[in-house]
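S.K.: Structure below; questions to follow.
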Amino acid sequence: MERCERKTLTMGNIAVAEGAIQAGCRAYFGYPITPQNEIPEYLSRRLPEVGGIFLQAESELASINMVLGASAAGTRVMTSSSGPGISLMQEGISFLAGSQLPAVIVNVMRCGPGLGGIKPTQADYFQATRGGGHGDYRTLVLAPNNVQEMFDFTVRAFELADKYRNPVLILADAILGQMKEPATLVPEYPPLDFDKTDWILNGAHQRPARNLRSMYLEDDDQEDLNYVLQRKYERMEQDEPLAEERWTEDAGLLVVAFGTSARVARAAVTQARNEGIRAGVFRPITLYPYPRAALRALGERIKRMLVVEMNCGQMLEDVLAIVPPDVEVRFHGRPGGGVPTPDEILEKIKES
Amino acid sequence: METKVFARPKSLTDVTTHYCPGCGHGVVHRLVAEAIDHFGLRDNTVGVASAGCSVMMYKYFDVDTLEAAHGRALATATGIKRTHPDLTVFTYQGDGDLASIGLAETIHAANRGEKITAIFVNNAVYGMTGGQMAPTTLPGQKTSTTPAGRTKAREGSPLRMAEMLSQLDGVAFCQRVAVYDPDQIYEAREAIFRAFETQLEGLGFAFVEVLSACPTNMRMKPIDGQHWVEESMCKFYPLGTFKDDDA
Ligand SMILES: Cc1ncc(C[n+]2csc(CCOP(=O)(O)OP(=O)(O)O)c2C)c(N)n1
Ligand code: SF4
Ligand SMILES: [Mg+2]
């Protein structure tokens with residue numbers, strides 16, 4: 001359904017921040033880092049307006065653990081960062097996953113390794129989709145590719161976090177964070193609420209005391225927890241994979257790309273179509289759970305694929321593991337700091 | 001007629017703790033529970049546990065508890081208290097947790113004047129991991145990672161947390177106590193009560209450093225552990241009230 005609300009010219013980072021407000025996020029803890037500073041700056045003004053809490057923490061380590069505390073007490077809570085900051089948060093993300101606590105973490109990726117630069121990249125795909133920290137856990141990962149999706153996916157992220165009691169990552173990059181596009185800053189439907197009264201820590205009033213933890217020392221308890229987590233991830237893999245397909249019906253070649261790369265890929269494929277080349281685009285929207293079934297089905301009939309990423313081949317590994325062995329998979333990547341141009345991709349399409 | 005003169009605080013569960021004989025943790029648990037009972041906070045409290053021997057305090061406190069990552073208890077507690085100012089929030093942390101890996105979180109929570117009660121059990125070693133050097137290990141003290149004794153030249157001098165934190169504007173109450181004998185335990189009880197009262201009055205950060213024995217890792221008999229706290233620790237870490245905004 002098309003939304004008829006007024007569109008306003010909005011920066012991607014602002015769309016994320018307003019999306020959080022609209023989703024009922026009432027606490028933000030974070031530490032400044034480019035290219036996502038507009039998120040905390042906007043929320044430092046906006047959260048108090050809606051009775052929420054904004055606090056600039058002393059580090060990302062502190063931020064994510066403040067997030068954990070607020071989440072345990074039942075508040076919809078978010079943090080955002082980039083590269084080095086997201087690395088520091090991995091300890092806390094692992095604790096959130098192990099303690100089964102919801103939270104939304106926005107990574108406006110900057111290139112690394114190390115301090116890296118502030119240019120766009122997709123180099124944190126592995127970190128985001130493999131859990132990122134220690135332990136056998138997963139985070140849901142949403143990959144927007146325009147400003148409207150920065151807003152919509154943030155709203156969705158809060159729903160998913162509460163639904164599964166699990167951390168959810170928004171994986172964006174400097175282009176998506178910094179660019180402005182017309183967007184509707186009103187959710188498509190009233191954001192879903194989930195009853196948390198049976199697990200939050202809000203004082204043991206007229207009920208037995210509760211505990212939230214990730215360490216289980218006795219007997220098989222730790223293994224049992226891990227099975228509980230795995231069953232949860234199976235439910236996610238069953239119900240949540242999401243992808244966008246364009247021109248796949250008659251495609252002889254499929255370009256597979258997410259986020260900013262998918263935008264560029266779409267431009268390249270549009271040009272290819274104008275030139276009579278029957279190419280299509282597959283864009284995973286959830287990077288975990290990966291839309292495996294949809295891609296595998298396409299691989300049954302499209303035997304040439306071109307994976308395009310702003311890294312040196314991270315999602316490529318997933319594609320290779322998913323598609324039937326007779327699919328010829330090629331790769332075009334630009335490592336951290338480089339953005340592929342439509343012409344570049346068009347050339348690869350022609351070679352593929 | 002029989003009268004009951006000693007009972008288990010309501011905020012403690014009826015289970016035997018895993019703490020070693022002569023360990024201060026059990027005593028400090030009891031004092032915290034007495035404070036929670038005294039102010040009628042059992043239904044309204046969230047305790048934040050740290051990584052250390054007290055990580056399983058959820059078994060012993062009959063209040064809501066959350067397990068924080070090693071060193072992050074005060075950040076985690078900040079998240080709870082900021083979003084739920086009506087809850088009473090306390091952290092329970094060892095010296096490795098609060099003064100080493102979590103030093104930044106400690107100083108910033110204190111400096112922001114978070115309305116949290118921090119219970120800091122200083123036993124001069126890393127108890128849980130087997131008696132390695134702590135930031136509070138005394139000069140000359142032998143531990144499993146300072147086999148010849150801690151030296152100023154190599155490891156630096158121990159951190160005096162109560163003195164340090166009392167310098168910060170956000171700290172409303174700051175006292176160092178010990179639990180090596182009944183008189184000291186009584187003093188400690190008073191301090192812990194004041195630390196909860198400070199939070200209830202909304203005055204700011206409340207900090208109690210409790211000098212406590214870890215006889216197991218000191219390779220001492222339980223009673224000798226108490227003597228060591230009295231004779232060695234108290235010399236380096238003077239007991240006393242460093243700050244009380246309400247006094
Ligand atoms: C990041 C991290 N590093 C190391 C550890 C291992 N560890 C657990 S408790 C602890 C030290 C505990 O010492 P202290 O805080 O003094 O508490 P105590 O056991 O003495 O009461 C360490 C190093 C950990 N859990 N997490
Ligand atoms: S090891 Fe030390 S701190 Fe830990 S329970 Fe035993 S005496 Fe207490
Ligand atoms: Mg210790």
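Order determines the names: the first chain of the structure tokens is A, the second B, and so forth; residues in each chain are numbered 1 upward, and ligands are numbered 1 upward as they are shown.
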Quick one: residues within 9 Å of Asn37 (chain A), only C-alpha atoms counted, chain neighbours fewer than 6 positions away excluded, as JSON, numbers by chain?
M.R.: {"A": [13, 31, 80, 81]}
S.K.: Quick one: DSSP alpha helix (DSSP H) residues in region 73-224 of chain B, as a ChimeraX atom specification?
M.R.: /B:73-83,95,103-111,152-155,161-166,182-200,215-218,222-224
S.K.: Apply DSSP to the structure's backbone, then extract all residues of region 125-312 of chain A labelled strand (DSSP E) and return them as a CSV table (one decimal) with N, CA and C atoms, in the first residue's frame.
M.R.:
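Once written, result24.csv looks like this:
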```csv
chain,number,residue,atom,x,y,z
A,140,LEU,N,19.5,-10.4,14.5
A,140,LEU,CA,18.8,-10.1,13.3
A,140,LEU,C,19.4,-8.9,12.7
A,141,VAL,N,19.6,-8.9,11.4
A,141,VAL,CA,20.3,-7.8,10.7
A,141,VAL,C,19.4,-7.3,9.5
A,142,LEU,N,19.1,-6.0,9.6
A,142,LEU,CA,18.3,-5.4,8.5
A,142,LEU,C,19.2,-4.4,7.7
A,167,PRO,N,18.9,-8.9,20.2
A,167,PRO,CA,19.4,-7.7,19.6
A,167,PRO,C,19.1,-7.7,18.1
A,168,VAL,N,18.8,-6.5,17.6
A,168,VAL,CA,18.6,-6.4,16.1
A,168,VAL,C,19.5,-5.3,15.6
A,169,LEU,N,20.2,-5.6,14.5
A,169,LEU,CA,21.2,-4.6,14.0
A,169,LEU,C,20.6,-4.0,12.7
A,170,ILE,N,20.8,-2.6,12.6
A,170,ILE,CA,20.5,-2.0,11.3
A,170,ILE,C,21.9,-1.8,10.7
A,171,LEU,N,22.1,-2.3,9.5
A,171,LEU,CA,23.4,-2.2,8.9
A,171,LEU,C,23.3,-1.2,7.7
A,172,ALA,N,23.8,0.0,8.0
A,172,ALA,CA,23.7,1.1,7.0
A,172,ALA,C,25.2,1.5,6.7
A,173,ASP,N,25.4,2.5,5.9
A,173,ASP,CA,26.7,3.0,5.6
A,173,ASP,C,26.7,4.5,5.5
A,180,LYS,N,20.2,12.8,1.7
A,180,LYS,CA,18.9,13.3,2.0
A,180,LYS,C,18.0,12.8,0.8
A,181,GLU,N,16.8,12.3,1.2
A,181,GLU,CA,15.8,11.9,0.2
A,181,GLU,C,14.4,12.3,0.8
A,182,PRO,N,13.4,12.4,-0.1
A,182,PRO,CA,12.1,12.6,0.5
A,182,PRO,C,11.6,11.3,1.2
A,183,ALA,N,11.1,11.4,2.4
A,183,ALA,CA,10.6,10.3,3.1
A,183,ALA,C,9.4,10.6,4.0
A,211,ASN,N,15.6,-13.1,37.8
A,211,ASN,CA,17.0,-12.9,37.4
A,211,ASN,C,17.2,-13.0,35.9
A,212,LEU,N,18.0,-12.1,35.4
A,212,LEU,CA,18.4,-12.2,34.0
A,212,LEU,C,19.9,-12.4,33.9
A,243,ALA,N,13.5,-10.4,1.1
A,243,ALA,CA,14.4,-9.9,0.0
A,243,ALA,C,13.5,-9.2,-1.0
A,244,GLU,N,14.2,-8.4,-1.8
A,244,GLU,CA,13.5,-7.7,-2.9
A,244,GLU,C,14.0,-8.3,-4.2
A,245,GLU,N,13.1,-8.6,-5.1
A,245,GLU,CA,13.5,-9.1,-6.5
A,245,GLU,C,13.1,-8.1,-7.5
A,246,ARG,N,14.0,-7.8,-8.5
A,246,ARG,CA,13.6,-7.0,-9.6
A,246,ARG,C,14.0,-7.7,-10.9
A,253,LEU,N,20.7,-13.4,-16.0
A,253,LEU,CA,21.8,-13.1,-15.1
A,253,LEU,C,21.3,-12.3,-13.9
A,254,LEU,N,21.7,-12.7,-12.7
A,254,LEU,CA,21.2,-12.1,-11.5
A,254,LEU,C,22.3,-11.4,-10.8
A,255,VAL,N,22.1,-10.1,-10.5
A,255,VAL,CA,23.0,-9.4,-9.7
A,255,VAL,C,22.5,-9.4,-8.2
A,256,VAL,N,23.4,-9.9,-7.3
A,256,VAL,CA,23.0,-10.0,-5.9
A,256,VAL,C,23.8,-9.0,-5.1
A,279,ALA,N,19.0,-8.9,-17.4
A,279,ALA,CA,19.6,-9.0,-16.1
A,279,ALA,C,18.5,-8.7,-15.0
A,280,GLY,N,18.7,-9.2,-13.8
A,280,GLY,CA,17.8,-9.0,-12.7
A,280,GLY,C,18.6,-8.7,-11.4
A,281,VAL,N,17.9,-8.2,-10.4
A,281,VAL,CA,18.5,-7.9,-9.1
A,281,VAL,C,17.9,-8.7,-8.0
A,282,PHE,N,18.7,-9.3,-7.2
A,282,PHE,CA,18.2,-9.9,-5.9
A,282,PHE,C,18.8,-9.1,-4.8
A,283,ARG,N,18.0,-8.5,-3.9
A,283,ARG,CA,18.5,-7.7,-2.8
A,283,ARG,C,18.0,-8.3,-1.5
A,284,PRO,N,18.9,-9.0,-0.7
A,284,PRO,CA,18.5,-9.4,0.6
A,284,PRO,C,18.3,-8.2,1.5
A,286,THR,N,16.9,-8.8,4.9
A,286,THR,CA,17.4,-9.3,6.1
A,286,THR,C,18.7,-10.1,5.8
A,287,LEU,N,19.8,-9.6,6.4
A,287,LEU,CA,21.1,-10.3,6.1
A,287,LEU,C,21.3,-11.5,7.0
A,288,TYR,N,20.7,-11.4,8.2
A,288,TYR,CA,20.5,-12.6,9.0
A,288,TYR,C,19.0,-12.4,9.5
A,304,ARG,N,23.6,-17.7,-14.0
A,304,ARG,CA,24.7,-16.8,-13.9
A,304,ARG,C,24.4,-15.8,-12.9
A,305,MET,N,25.3,-15.6,-11.9
A,305,MET,CA,25.1,-14.5,-10.9
A,305,MET,C,26.3,-13.7,-10.7
A,306,LEU,N,26.1,-12.4,-10.4
A,306,LEU,CA,27.2,-11.5,-10.1
A,306,LEU,C,26.9,-10.9,-8.7
A,307,VAL,N,27.8,-11.2,-7.8
A,307,VAL,CA,27.6,-10.6,-6.4
A,307,VAL,C,28.4,-9.3,-6.4
A,308,VAL,N,27.8,-8.2,-6.0
A,308,VAL,CA,28.4,-6.9,-5.9
A,308,VAL,C,28.4,-6.4,-4.4
A,309,GLU,N,29.6,-6.1,-3.9
A,309,GLU,CA,29.6,-5.7,-2.5
A,309,GLU,C,30.7,-4.6,-2.4
```
S.K.: Find the residues of chain B in contact range of chain A, meaning any atom within 6 Å when counting only C-alpha atoms, and list them as a PDB file with N, CA and C atoms, in the first residue's frame.
M.R.:
```
ATOM      1  N   ASP B  43      10.420  -5.116  47.224  1.00  0.00           N
ATOM      2  CA  ASP B  43       9.563  -5.204  46.039  1.00  0.00           C
ATOM      3  C   ASP B  43       9.942  -4.210  44.950  1.00  0.00           C
ATOM      4  N   ASN B  44      10.951  -3.430  45.229  1.00  0.00           N
ATOM      5  CA  ASN B  44      11.188  -2.269  44.366  1.00  0.00           C
ATOM      6  C   ASN B  44      12.665  -2.133  44.004  1.00  0.00           C
ATOM      7  N   THR B  45      13.398  -3.230  44.147  1.00  0.00           N
ATOM      8  CA  THR B  45      14.850  -3.155  44.001  1.00  0.00           C
ATOM      9  C   THR B  45      15.332  -4.011  42.845  1.00  0.00           C
ATOM     10  N   ASP B  62      16.731 -12.212  47.536  1.00  0.00           N
ATOM     11  CA  ASP B  62      15.363 -12.429  47.070  1.00  0.00           C
ATOM     12  C   ASP B  62      14.802 -11.125  46.487  1.00  0.00           C
ATOM     13  N   VAL B  63      15.584 -10.533  45.591  1.00  0.00           N
ATOM     14  CA  VAL B  63      15.124  -9.337  44.858  1.00  0.00           C
ATOM     15  C   VAL B  63      15.472  -9.569  43.387  1.00  0.00           C
ATOM     16  N   ASP B  64      14.921  -8.742  42.509  1.00  0.00           N
ATOM     17  CA  ASP B  64      15.275  -8.861  41.094  1.00  0.00           C
ATOM     18  C   ASP B  64      16.773  -8.588  40.913  1.00  0.00           C
ATOM     19  N   THR B  65      17.408  -9.402  40.091  1.00  0.00           N
ATOM     20  CA  THR B  65      18.843  -9.212  39.859  1.00  0.00           C
ATOM     21  C   THR B  65      19.172  -9.380  38.377  1.00  0.00           C
ATOM     22  N   LEU B  66      20.211  -8.656  37.992  1.00  0.00           N
ATOM     23  CA  LEU B  66      20.677  -8.691  36.611  1.00  0.00           C
ATOM     24  C   LEU B  66      22.175  -8.953  36.631  1.00  0.00           C
ATOM     25  N   GLU B  67      22.630  -9.806  35.746  1.00  0.00           N
ATOM     26  CA  GLU B  67      24.066 -10.111  35.679  1.00  0.00           C
ATOM     27  C   GLU B  67      24.710  -9.190  34.648  1.00  0.00           C
ATOM     28  N   ALA B  75      27.530   0.833  34.505  1.00  0.00           N
ATOM     29  CA  ALA B  75      26.886   1.277  33.266  1.00  0.00           C
ATOM     30  C   ALA B  75      25.511   0.612  33.154  1.00  0.00           C
ATOM     31  N   THR B  76      25.478  -0.686  33.420  1.00  0.00           N
ATOM     32  CA  THR B  76      24.213  -1.421  33.359  1.00  0.00           C
ATOM     33  C   THR B  76      23.210  -0.837  34.359  1.00  0.00           C
ATOM     34  N   ALA B  77      23.683  -0.566  35.557  1.00  0.00           N
ATOM     35  CA  ALA B  77      22.806   0.007  36.578  1.00  0.00           C
ATOM     36  C   ALA B  77      22.310   1.395  36.152  1.00  0.00           C
ATOM     37  N   THR B  78      23.177   2.152  35.470  1.00  0.00           N
ATOM     38  CA  THR B  78      22.779   3.471  34.968  1.00  0.00           C
ATOM     39  C   THR B  78      21.599   3.334  34.008  1.00  0.00           C
ATOM     40  N   GLY B  79      21.677   2.311  33.142  1.00  0.00           N
ATOM     41  CA  GLY B  79      20.588   2.086  32.190  1.00  0.00           C
ATOM     42  C   GLY B  79      19.265   1.807  32.886  1.00  0.00           C
ATOM     43  N   ILE B  80      19.324   1.070  33.977  1.00  0.00           N
ATOM     44  CA  ILE B  80      18.094   0.766  34.723  1.00  0.00           C
ATOM     45  C   ILE B  80      17.591   2.017  35.438  1.00  0.00           C
TER      46      ILE B  80
END
```
S.K.: Counting only C-alpha atoms and all ligand atoms, what residues are within 7 Å of ligand 3, given as JSON, numbers by chain?
M.R.: {"B": [94, 95, 96, 121, 122, 123, 124, 125, 126, 127, 134]}
S.K.: For ligand 2, return the neighbouring residues as a PyMOL selection string (distance at most 6 Å; only C-alpha atoms and all ligand atoms).
M.R.: chain B and resi 19-20+23+53+127-128+214-217
S.K.: So which residues touch Ala321 (chain A) within 12 Å, counting only C-alpha atoms, skipping near sequence neighbours fewer than 6 positions away, as a ChimeraX atom specification?
M.R.: /A:290,292-293,295-296,299,314-315,327,329
S.K.: May I ask which of the residues B:Val48, B:Met218, B:Glu105, B:Gly24 is the closest one to Lys142 (chain B), counting only C-alpha atoms?
M.R.: B:Met218
S.K.: List the neighbours of Asp193 (chain A) out to 12 Å using only C-alpha atoms; skip same-chain residues closer than 5 positions along the sequence, and give me the result as a compact mmCIF listing (two decimals) with all heavy atoms, in the first residue's frame.
M.R.:
```
# COMPACT_ATOMS: atom_id res chain seq x y z
N ALA A 23 8.74 4.36 16.94
CA ALA A 23 8.59 2.96 17.35
C ALA A 23 8.43 2.83 18.86
O ALA A 23 8.26 1.73 19.38
CB ALA A 23 9.82 2.16 16.91
N GLY A 24 8.53 3.95 19.57
CA GLY A 24 8.36 3.89 21.01
C GLY A 24 9.66 3.72 21.78
O GLY A 24 9.65 3.40 22.96
N CYS A 25 10.77 3.95 21.09
CA CYS A 25 12.06 3.93 21.77
C CYS A 25 12.09 5.10 22.76
O CYS A 25 11.83 6.23 22.38
CB CYS A 25 13.20 4.06 20.76
SG CYS A 25 14.82 4.33 21.50
N GLY A 74 12.76 -3.14 30.79
CA GLY A 74 11.56 -3.11 29.97
C GLY A 74 11.41 -1.94 29.02
O GLY A 74 10.38 -1.81 28.37
N THR A 75 12.43 -1.10 28.89
CA THR A 75 12.32 0.07 28.03
C THR A 75 12.78 -0.26 26.61
O THR A 75 13.75 -0.99 26.43
CB THR A 75 13.20 1.21 28.59
OG1 THR A 75 12.74 1.51 29.91
CG2 THR A 75 13.11 2.46 27.74
N ARG A 76 12.09 0.28 25.62
CA ARG A 76 12.59 0.19 24.25
C ARG A 76 13.80 1.10 24.14
O ARG A 76 13.70 2.30 24.40
CB ARG A 76 11.52 0.59 23.23
CG ARG A 76 10.62 -0.59 22.89
CD ARG A 76 9.79 -0.40 21.64
NE ARG A 76 9.23 -1.71 21.25
CZ ARG A 76 8.26 -1.88 20.39
NH1 ARG A 76 7.72 -0.85 19.78
NH2 ARG A 76 7.82 -3.10 20.10
N VAL A 155 11.79 1.17 12.69
CA VAL A 155 10.54 0.83 13.38
C VAL A 155 10.41 -0.69 13.48
O VAL A 155 10.15 -1.25 14.55
CB VAL A 155 9.32 1.42 12.63
CG1 VAL A 155 8.01 0.98 13.29
CG2 VAL A 155 9.41 2.95 12.58
N ARG A 156 10.64 -1.36 12.38
CA ARG A 156 10.54 -2.82 12.32
C ARG A 156 11.54 -3.48 13.27
O ARG A 156 11.24 -4.49 13.91
CB ARG A 156 10.78 -3.28 10.88
CG ARG A 156 10.64 -4.75 10.64
CD ARG A 156 9.18 -5.19 10.57
NE ARG A 156 9.07 -6.64 10.52
CZ ARG A 156 8.34 -7.36 11.37
NH1 ARG A 156 7.65 -6.77 12.33
NH2 ARG A 156 8.28 -8.67 11.28
N PHE A 158 12.60 -2.51 16.14
CA PHE A 158 12.12 -2.54 17.53
C PHE A 158 11.08 -3.63 17.73
O PHE A 158 11.05 -4.30 18.76
CB PHE A 158 11.56 -1.17 17.94
CG PHE A 158 12.64 -0.19 18.28
CD1 PHE A 158 13.13 0.70 17.34
CD2 PHE A 158 13.21 -0.19 19.55
CE1 PHE A 158 14.15 1.59 17.65
CE2 PHE A 158 14.23 0.68 19.87
CZ PHE A 158 14.71 1.58 18.92
N GLU A 159 10.24 -3.81 16.73
CA GLU A 159 9.24 -4.88 16.83
C GLU A 159 9.93 -6.24 16.90
O GLU A 159 9.58 -7.08 17.74
CB GLU A 159 8.31 -4.84 15.61
CG GLU A 159 7.47 -3.58 15.53
CD GLU A 159 6.61 -3.53 14.27
OE1 GLU A 159 6.96 -4.19 13.27
OE2 GLU A 159 5.59 -2.83 14.29
N LEU A 160 10.86 -6.45 15.99
CA LEU A 160 11.55 -7.75 15.94
C LEU A 160 12.34 -8.01 17.22
O LEU A 160 12.37 -9.13 17.73
CB LEU A 160 12.48 -7.81 14.72
CG LEU A 160 11.80 -7.91 13.36
CD1 LEU A 160 12.82 -7.68 12.24
CD2 LEU A 160 11.11 -9.26 13.19
N ALA A 161 12.97 -6.96 17.73
CA ALA A 161 13.77 -7.12 18.96
C ALA A 161 12.89 -7.62 20.10
O ALA A 161 13.24 -8.55 20.81
CB ALA A 161 14.44 -5.80 19.32
N ASP A 162 11.72 -7.00 20.24
CA ASP A 162 10.83 -7.41 21.32
C ASP A 162 10.20 -8.77 21.05
O ASP A 162 10.04 -9.58 21.95
CB ASP A 162 9.71 -6.37 21.51
CG ASP A 162 10.21 -5.14 22.26
OD1 ASP A 162 11.39 -5.14 22.68
OD2 ASP A 162 9.43 -4.18 22.42
N LYS A 163 9.86 -9.00 19.78
CA LYS A 163 9.22 -10.27 19.43
C LYS A 163 10.11 -11.45 19.80
O LYS A 163 9.65 -12.44 20.34
CB LYS A 163 8.92 -10.28 17.92
CG LYS A 163 8.28 -11.56 17.42
CD LYS A 163 7.94 -11.45 15.93
CE LYS A 163 7.43 -12.77 15.38
NZ LYS A 163 7.28 -12.73 13.92
```
S.K.: Quick one: pull the distance between CA of Ala123 (chain A) and CA of Thr139 (chain A), Å, one decimal.
M.R.: 16.8 Å
S.K.: Between CA of His29 (chain B) and CA of Leu74 (chain B), what distance in Å does the model show, to one decimal?
M.R.: 18.1 Å
S.K.: Within 10 Å of Phe196 (chain B), counting only C-alpha atoms, which residues qualify if same-chain residues fewer than 5 places away don't, as number ranges by chain?
M.R.: B: 32, 35-36, 38-39, 41, 88-90, 115-118, 173, 191, 201-202, 205-207
S.K.: State, in Å with one decimal place, the distance from CA of Lys235 (chain B) to atom 11 (C, counted along the ligand's line) of ligand 1.
M.R.: 23.6 Å
S.K.: Would you kindly return, as a PyMOL selection string, each protein, DNA or RNA residue with an atom no farther than 12 Å from any atom of Leu115 (chain A), considering only C-alpha atoms and excluding same-chain residues fewer than 5 positions away?
M.R.: chain A and resi 33-34+82-87+109-110+336
S.K.: May I have the residues within 9 Å of region 184-187 of chain B as a PyMOL selection string, using only C-alpha atoms and disregarding those fewer than 6 positions away in the same chain?
M.R.: chain B and resi 27-28+31+177-178
S.K.: B:Ser54, B:Thr198, B:Thr16, B:Ser11: which is nearest ligand 1, counting only C-alpha atoms and all ligand atoms?
M.R.: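 Nearest candidate to ligand 1 out of B:Ser54, B:Thr198, B:Thr16, B:Ser11: B:Ser54.
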S.K.: Closest to Ala268 (chain A) among A:Thr197, A:Ile349, A:Gly333, A:Gln230, using only C-alpha atoms?
M.R.: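 Closest to Ala268 (chain A) of all the choices is A:Ile349.
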